[in-house]
>>> print(open('protein19.csv').read())   # CSV, C-alpha atoms
chain,number,residue,atom,x,y,z
A,225,MET,CA,137.2,15.9,85.8
A,226,LYS,CA,140.6,14.5,85.1
A,227,THR,CA,139.8,11.3,87.0
A,228,ASN,CA,136.7,10.8,84.9
A,229,HIS,CA,138.7,11.0,81.7
A,230,LEU,CA,141.1,8.5,83.0
A,231,LYS,CA,138.4,5.8,83.2
A,232,GLY,CA,139.0,5.1,79.5
A,233,LEU,CA,142.7,4.9,79.7
A,234,PRO,CA,143.6,1.7,81.6
A,235,ILE,CA,142.7,-0.7,78.9
A,236,ILE,CA,145.4,0.6,76.7
A,237,LEU,CA,148.0,-0.6,79.2
A,238,LEU,CA,146.6,-4.1,79.5
A,239,PHE,CA,146.3,-5.8,76.2
A,240,LEU,CA,146.7,-7.0,73.8
A,241,SER,CA,149.7,-5.0,75.7
A,242,LEU,CA,159.0,-0.1,72.9
A,243,PRO,CA,159.0,-3.9,71.9
A,244,PHE,CA,159.1,-6.2,74.9
A,245,ASN,CA,162.5,-7.4,75.8
A,246,ASN,CA,162.7,-10.3,78.3
A,247,LYS,CA,166.4,-9.5,79.1
A,248,ALA,CA,165.4,-6.0,80.3
A,249,THR,CA,162.9,-7.1,82.9
A,250,ALA,CA,163.1,-8.8,86.2
A,251,PRO,CA,160.6,-9.2,89.0
A,252,THR,CA,161.6,-7.3,92.1
A,253,GLU,CA,159.0,-8.9,94.5
A,254,LYS,CA,156.7,-11.9,94.9
A,255,TRP,CA,153.1,-11.8,93.7
A,256,ILE,CA,150.7,-10.0,96.1
A,257,ASN,CA,147.0,-10.7,96.1
A,258,VAL,CA,145.2,-7.3,95.7
A,259,GLU,CA,141.7,-8.4,94.8
A,260,SER,CA,139.6,-11.5,95.6
A,261,LYS,CA,135.9,-11.6,94.7
A,262,SER,CA,133.4,-13.3,92.4
A,263,GLY,CA,135.7,-16.2,92.0
A,264,ILE,CA,138.6,-14.1,90.6
A,265,GLN,CA,142.0,-13.6,92.2
A,266,VAL,CA,144.0,-10.6,91.1
A,267,TYR,CA,147.8,-10.4,91.9
A,268,GLU,CA,150.4,-7.7,91.3
A,269,ARG,CA,154.1,-7.4,91.5
A,270,TRP,CA,156.8,-4.8,90.7
A,271,VAL,CA,159.1,-5.6,87.7
A,272,SER,CA,162.3,-3.7,87.0
A,273,VAL,CA,162.6,-2.6,83.4
A,274,ASN,CA,165.9,-0.7,83.8
A,275,LYS,CA,167.6,1.4,86.5
A,276,ASP,CA,165.1,4.3,85.9
A,277,LEU,CA,161.8,2.4,85.4
A,278,VAL,CA,159.8,-0.1,87.5
A,279,VAL,CA,156.4,-1.2,86.3
A,280,LYS,CA,153.6,-3.4,87.7
A,281,GLU,CA,152.8,-6.8,86.3
A,282,ARG,CA,149.3,-8.1,86.9
A,283,LYS,CA,147.9,-11.6,87.0
A,284,GLY,CA,144.3,-12.8,87.3
A,285,ILE,CA,143.2,-16.4,88.1
A,286,MET,CA,139.7,-17.9,87.9
A,287,GLN,CA,137.9,-21.1,87.4
A,288,VAL,CA,135.2,-21.5,84.7
A,289,ASN,CA,132.7,-24.0,83.6
A,290,GLU,CA,133.8,-24.6,80.0
A,291,ASN,CA,135.8,-27.2,78.0
A,292,LEU,CA,139.3,-26.5,76.9
A,293,GLN,CA,138.8,-26.1,73.2
A,294,GLU,CA,135.8,-23.8,73.5
A,295,ALA,CA,137.7,-21.5,75.9
A,296,ILE,CA,140.6,-21.4,73.4
A,297,ASN,CA,138.2,-20.6,70.6
A,298,THR,CA,136.8,-17.6,72.6
A,299,LEU,CA,140.3,-16.3,73.5
A,300,ARG,CA,141.8,-16.6,70.0
A,301,ASP,CA,138.9,-15.0,68.2
A,302,PRO,CA,139.6,-11.2,68.0
A,303,ALA,CA,136.0,-10.4,67.1
A,304,LYS,CA,134.9,-11.8,70.5
A,305,THR,CA,137.2,-9.4,72.3
A,306,ARG,CA,134.6,-6.7,72.2
A,307,LEU,CA,132.2,-8.9,74.2
A,308,TRP,CA,134.4,-8.8,77.3
A,309,MET,CA,137.1,-6.0,77.0
A,310,GLU,CA,136.1,-2.5,77.9
A,311,HIS,CA,136.4,0.4,75.4
A,312,VAL,CA,137.2,-1.9,72.4
A,313,SER,CA,135.7,-0.3,69.3
A,314,ASP,CA,137.2,-2.6,66.7
A,315,ALA,CA,139.0,-6.0,66.7
A,316,TYR,CA,139.8,-8.4,63.9
A,317,LEU,CA,142.2,-11.0,62.6
A,318,VAL,CA,145.0,-9.4,60.6
A,319,LYS,CA,146.7,-12.5,59.3
A,320,GLN,CA,146.7,-16.3,60.1
A,321,ILE,CA,150.3,-17.4,60.0
A,322,SER,CA,149.5,-21.0,61.0
A,323,ASP,CA,146.9,-22.9,63.0
A,324,ASN,CA,148.6,-21.7,66.2
A,325,THR,CA,150.1,-18.3,65.2
A,326,TRP,CA,148.2,-15.2,64.1
A,327,TYR,CA,148.2,-11.4,64.1
A,328,SER,CA,145.3,-9.4,65.6
A,329,TYR,CA,144.3,-5.8,65.5
A,330,THR,CA,142.5,-4.0,68.4
A,331,CYS,CA,141.4,-0.4,68.6
A,332,PHE,CA,140.5,1.3,71.9
A,333,SER,CA,138.1,4.3,71.8
A,334,ILE,CA,139.3,6.6,74.6
A,335,PRO,CA,137.1,9.4,75.8
A,336,TRP,CA,138.1,13.0,74.9
A,337,PRO,CA,140.5,14.6,75.3
A,338,PHE,CA,142.6,11.5,74.7
A,339,GLU,CA,143.3,10.1,71.2
A,340,SER,CA,142.2,6.6,70.3
A,341,ARG,CA,144.8,3.9,70.8
A,342,ASP,CA,145.3,0.7,68.8
A,343,MET,CA,147.5,-2.3,68.9
A,344,VAL,CA,148.7,-5.0,66.6
A,345,SER,CA,149.6,-8.2,68.5
A,346,LEU,CA,151.2,-11.5,67.6
A,347,SER,CA,149.7,-14.5,69.4
A,348,THR,CA,151.1,-18.0,69.6
A,349,LEU,CA,149.1,-21.0,70.9
A,350,ALA,CA,150.7,-24.1,72.4
A,351,TYR,CA,149.2,-27.2,73.9
A,352,ASN,CA,150.8,-29.2,76.7
A,353,LYS,CA,150.0,-31.8,79.4
A,354,ASN,CA,148.9,-34.2,76.7
A,355,GLY,CA,146.4,-31.8,75.4
A,356,ARG,CA,144.8,-30.9,78.7
A,357,ALA,CA,146.3,-27.5,79.0
A,358,ALA,CA,147.3,-24.6,76.6
A,359,THR,CA,149.0,-21.3,76.6
A,360,ILE,CA,148.5,-18.3,74.4
A,361,GLU,CA,151.5,-15.9,74.3
A,362,ILE,CA,150.7,-12.3,73.1
A,363,CYS,CA,153.1,-9.5,72.3
A,364,SER,CA,152.6,-6.1,70.6
A,365,LYS,CA,154.0,-5.7,67.1
A,366,GLY,CA,153.8,-2.0,66.4
A,367,ASP,CA,155.0,-2.0,62.8
A,368,ALA,CA,152.7,-4.8,61.5
A,369,LEU,CA,150.1,-2.4,60.2
A,370,PRO,CA,150.2,1.3,59.1
A,371,LEU,CA,149.1,3.8,61.8
A,372,LYS,CA,145.7,5.3,61.4
A,373,PRO,CA,145.2,9.1,61.6
A,374,ARG,CA,144.6,10.5,65.1
A,375,THR,CA,145.5,7.1,66.7
A,376,ASN,CA,148.4,6.3,68.9
A,377,ARG,CA,150.0,2.9,68.5
A,378,LEU,CA,150.7,0.7,71.6
A,379,ASN,CA,154.2,-0.9,71.4
A,380,SER,CA,155.0,-1.9,74.9
A,381,PHE,CA,152.7,-4.8,75.8
A,382,LYS,CA,153.2,-8.5,76.6
A,383,ALA,CA,150.6,-11.0,78.0
A,384,SER,CA,149.9,-14.7,78.3
A,385,TRP,CA,146.9,-16.9,78.9
A,386,GLU,CA,147.2,-20.3,80.7
A,387,ILE,CA,144.2,-22.6,80.4
A,388,VAL,CA,144.3,-25.9,82.4
A,389,GLU,CA,141.7,-28.6,82.4
A,390,LEU,CA,140.8,-29.4,86.1
A,391,SER,CA,138.1,-31.9,85.2
A,392,LYS,CA,135.6,-32.5,82.5
A,393,GLY,CA,134.0,-29.1,81.8
A,394,ARG,CA,136.0,-27.3,84.4
A,395,LEU,CA,139.0,-25.1,83.7
A,396,SER,CA,141.5,-22.9,85.5
A,397,VAL,CA,142.2,-19.7,83.5
A,398,SER,CA,145.1,-17.5,84.3
A,399,PHE,CA,146.0,-14.2,82.5
A,400,THR,CA,149.2,-12.3,83.0
A,401,ALA,CA,150.0,-8.9,81.5
A,402,ILE,CA,152.6,-6.2,81.6
A,403,SER,CA,153.3,-2.9,79.8
A,404,LEU,CA,156.8,-1.4,79.8
A,405,ALA,CA,155.5,2.1,79.2
A,406,PRO,CA,156.2,4.6,82.0
A,407,PRO,CA,153.0,5.7,83.9
A,408,GLU,CA,151.3,8.7,82.3
A,409,TYR,CA,149.7,9.8,85.6
A,410,PRO,CA,150.6,9.6,89.3
A,411,ARG,CA,150.4,5.9,90.4
A,412,PHE,CA,147.9,6.7,93.2
A,413,ILE,CA,145.5,7.8,90.4
A,414,GLN,CA,146.4,5.3,87.7
A,415,ASP,CA,146.9,2.1,89.5
A,416,PRO,CA,143.4,1.7,91.1
A,417,ILE,CA,141.8,2.4,87.7
A,418,ILE,CA,143.9,-0.1,85.9
A,419,ARG,CA,143.3,-2.7,88.6
A,420,GLY,CA,139.6,-2.2,88.3
A,421,THR,CA,139.5,-2.5,84.6
A,422,PHE,CA,141.7,-5.6,84.7
A,423,TYR,CA,139.3,-7.2,87.2
A,424,ARG,CA,136.1,-6.2,85.3
A,425,ASN,CA,137.5,-7.6,82.0
A,426,LEU,CA,138.1,-11.0,83.6
A,427,LEU,CA,134.7,-10.9,85.3
A,428,ASN,CA,133.1,-10.2,81.9
A,429,LEU,CA,135.0,-13.1,80.3
A,430,LYS,CA,134.1,-15.4,83.2
A,431,GLY,CA,130.4,-14.7,82.5
A,432,ILE,CA,130.8,-15.6,78.9
A,433,LEU,CA,132.8,-18.8,79.5
A,434,ASP,CA,130.4,-20.0,82.3
A,435,GLN,CA,127.4,-19.8,80.0
>>> encode(input="protein19.csv", output="structure tokens")
Amino acid sequence: MKTNHLKGLPIILLFLSLPFNNKATAPTEKWINVESKSGIQVYERWVSVNKDLVVKERKGIMQVNENLQEAINTLRDPAKTRLWMEHVSDAYLVKQISDNTWYSYTCFSIPWPFESRDMVSLSTLAYNKNGRAATIEICSKGDALPLKPRTNRLNSFKASWEIVELSKGRLSVSFTAISLAPPEYPRFIQDPIIRGTFYRNLLNLKGILDQ
């Protein structure tokens, strides 16, 4: 029964995903390929947060049939998050700071007995390679909105998208995410579930971008 309840938990550790402190983290190993199917490569590596905590960072890489701007439009639209991310019950734009900077809100409905989780994130878009590539940096901003009743706020997440134009209508899309929160369950239970959710979200997104 406990494992079934855990199926709703992994997404809260992934996204849009303790404020992140670059100085407090350092990779302790190289990327290891842990999944390779349906055109998606998933990698993991251990990252040292401090002397008492080591967490896993995950990266997914895939190629899609889409143009650069349309892919960016999909990734930067919070409302479209529900189309490809599991367990997202609400997602919307909180505030547009500029054309390339915005705040988003995401709420995750977690099966009983867990409380719902939500996250406010700051996203920053940048173009490079003469406009043929782009990155979207995401980090959680827990105090940007008041907390809702019976909802836990996620404050330990950082992620990034890298979208590169390979040829006309063909892109490489890479997503990297890390949460600095200590594991809530034994890793032999939690890690496979998180890995599966991470992969399925990318598979869902690939299906949307390939249309």
>>> closest_residue(input="protein19.csv", among="A:Asn289, A:Asn324, A:Asn274, A:Ser345", to="Pro302 in chain A", atoms="all atoms listed in the file")
A:Ser345
>>> atom_distance(input="protein19.csv", atom1="CA of Ala303 in chain A", atom2="CA of Tyr327 in chain A")
12.6 Å
>>> residues_around(input="protein19.csv", residues="range 383-388 of chain A", least_positions_apart="2", cutoff="6 Å", atoms="all atoms listed in the file", output="ChimeraX atom specification")
/A:357-362,395-401
>>> closest_residue(input="protein19.csv", among="A:Ala295, A:Ile264, A:Val344, A:Val273", to="Ile432 in chain A", atoms="all atoms listed in the file")
A:Ala295
>>> residues_around(input="protein19.csv", residues="Thr325 in chain A", least_positions_apart="6", cutoff="9 Å", atoms="all atoms listed in the file", output="JSON, numbers by chain")
{"A": [319, 346, 347, 348, 349]}
>>> closest_residue(input="protein19.csv", among="A:Leu404, A:Ile256, A:Asn379, A:Gly366", to="Asp276 in chain A", atoms="all atoms listed in the file")
A:Leu404
>>> atom_distance(input="protein19.csv", atom1="CA of Glu294 in chain A", atom2="CA of Tyr423 in chain A")
21.8 Å
>>> residues_around(input="protein19.csv", residues="Lys392 in chain A", least_positions_apart="5", cutoff="10 Å", atoms="all atoms listed in the file", output="PDB file with C-alpha atoms, keeping the file's coordinate frame")
ATOM      1  CA  ASN A 289     132.700 -24.000  83.600  1.00  0.00           C
ATOM      2  CA  GLU A 290     133.800 -24.600  80.000  1.00  0.00           C
ATOM      3  CA  ASN A 291     135.800 -27.200  78.000  1.00  0.00           C
ATOM      4  CA  LEU A 292     139.300 -26.500  76.900  1.00  0.00           C
TER       5      LEU A 292
END
>>> atom_distance(input="protein19.csv", atom1="CA of Val288 in chain A", atom2="CA of Gly420 in chain A")
20.1 Å
>>> closest_residue(input="protein19.csv", among="A:Val279, A:Val266, A:Leu390, A:Leu307", to="Asn428 in chain A", atoms="only C-alpha atoms")
A:Leu307
>>> residues_around(input="protein19.csv", residues="Val318 in chain A", least_positions_apart="2", cutoff="8 Å", atoms="all atoms listed in the file", output="PyMOL selection string")
chain A and resi 316+320+326-329
>>> closest_residue(input="protein19.csv", among="A:Lys365, A:Arg374, A:Arg411, A:Lys254", to="Ile334 in chain A", atoms="all atoms listed in the file")
A:Arg374
>>> closest_residue(input="protein19.csv", among="A:Leu429, A:Ser262, A:Leu317, A:Arg377", to="Leu299 in chain A", atoms="all atoms listed in the file")
A:Leu429
>>> build_atoms(input="protein19.csv", residues="range 295-312 of chain A", atoms="N, CA and C atoms", output="PDB file, in the frame of the given file")
ATOM      1  N   ALA A 295     137.046 -22.674  75.276  1.00  0.00           N
ATOM      2  CA  ALA A 295     137.700 -21.500  75.900  1.00  0.00           C
ATOM      3  C   ALA A 295     138.784 -20.963  74.978  1.00  0.00           C
ATOM      4  N   ILE A 296     139.562 -21.831  74.378  1.00  0.00           N
ATOM      5  CA  ILE A 296     140.600 -21.400  73.400  1.00  0.00           C
ATOM      6  C   ILE A 296     139.980 -20.680  72.252  1.00  0.00           C
ATOM      7  N   ASN A 297     138.878 -21.224  71.730  1.00  0.00           N
ATOM      8  CA  ASN A 297     138.200 -20.600  70.600  1.00  0.00           C
ATOM      9  C   ASN A 297     137.749 -19.184  70.922  1.00  0.00           C
ATOM     10  N   THR A 298     137.282 -18.977  72.147  1.00  0.00           N
ATOM     11  CA  THR A 298     136.800 -17.600  72.600  1.00  0.00           C
ATOM     12  C   THR A 298     138.029 -16.692  72.657  1.00  0.00           C
ATOM     13  N   LEU A 299     139.112 -17.141  73.252  1.00  0.00           N
ATOM     14  CA  LEU A 299     140.300 -16.300  73.500  1.00  0.00           C
ATOM     15  C   LEU A 299     141.036 -15.967  72.200  1.00  0.00           C
ATOM     16  N   ARG A 300     140.999 -16.855  71.237  1.00  0.00           N
ATOM     17  CA  ARG A 300     141.800 -16.600  70.000  1.00  0.00           C
ATOM     18  C   ARG A 300     140.987 -15.906  68.942  1.00  0.00           C
ATOM     19  N   ASP A 301     139.717 -15.643  69.168  1.00  0.00           N
ATOM     20  CA  ASP A 301     138.900 -15.000  68.200  1.00  0.00           C
ATOM     21  C   ASP A 301     138.865 -13.457  68.477  1.00  0.00           C
ATOM     22  N   PRO A 302     139.561 -12.642  67.677  1.00  0.00           N
ATOM     23  CA  PRO A 302     139.600 -11.200  68.000  1.00  0.00           C
ATOM     24  C   PRO A 302     138.240 -10.542  67.989  1.00  0.00           C
ATOM     25  N   ALA A 303     137.313 -11.018  67.157  1.00  0.00           N
ATOM     26  CA  ALA A 303     136.000 -10.400  67.100  1.00  0.00           C
ATOM     27  C   ALA A 303     135.254 -10.523  68.430  1.00  0.00           C
ATOM     28  N   LYS A 304     135.560 -11.559  69.216  1.00  0.00           N
ATOM     29  CA  LYS A 304     134.900 -11.800  70.500  1.00  0.00           C
ATOM     30  C   LYS A 304     135.479 -10.875  71.601  1.00  0.00           C
ATOM     31  N   THR A 305     136.605 -10.229  71.309  1.00  0.00           N
ATOM     32  CA  THR A 305     137.200  -9.400  72.300  1.00  0.00           C
ATOM     33  C   THR A 305     136.280  -8.281  72.774  1.00  0.00           C
ATOM     34  N   ARG A 306     135.484  -7.742  71.850  1.00  0.00           N
ATOM     35  CA  ARG A 306     134.600  -6.700  72.200  1.00  0.00           C
ATOM     36  C   ARG A 306     133.480  -7.081  73.159  1.00  0.00           C
ATOM     37  N   LEU A 307     133.270  -8.390  73.308  1.00  0.00           N
ATOM     38  CA  LEU A 307     132.200  -8.900  74.200  1.00  0.00           C
ATOM     39  C   LEU A 307     132.642  -8.779  75.672  1.00  0.00           C
ATOM     40  N   TRP A 308     133.948  -8.732  75.933  1.00  0.00           N
ATOM     41  CA  TRP A 308     134.400  -8.800  77.300  1.00  0.00           C
ATOM     42  C   TRP A 308     135.416  -7.699  77.712  1.00  0.00           C
ATOM     43  N   MET A 309     136.074  -7.095  76.740  1.00  0.00           N
ATOM     44  CA  MET A 309     137.100  -6.000  77.000  1.00  0.00           C
ATOM     45  C   MET A 309     136.408  -4.671  76.943  1.00  0.00           C
ATOM     46  N   GLU A 310     136.646  -3.840  77.926  1.00  0.00           N
ATOM     47  CA  GLU A 310     136.100  -2.500  77.900  1.00  0.00           C
ATOM     48  C   GLU A 310     136.744  -1.596  76.892  1.00  0.00           C
ATOM     49  N   HIS A 311     135.922  -0.711  76.291  1.00  0.00           N
ATOM     50  CA  HIS A 311     136.400   0.400  75.400  1.00  0.00           C
ATOM     51  C   HIS A 311     136.977  -0.140  74.091  1.00  0.00           C
ATOM     52  N   VAL A 312     136.720  -1.387  73.711  1.00  0.00           N
ATOM     53  CA  VAL A 312     137.200  -1.900  72.400  1.00  0.00           C
ATOM     54  C   VAL A 312     136.185  -1.535  71.344  1.00  0.00           C
TER      55      VAL A 312
END
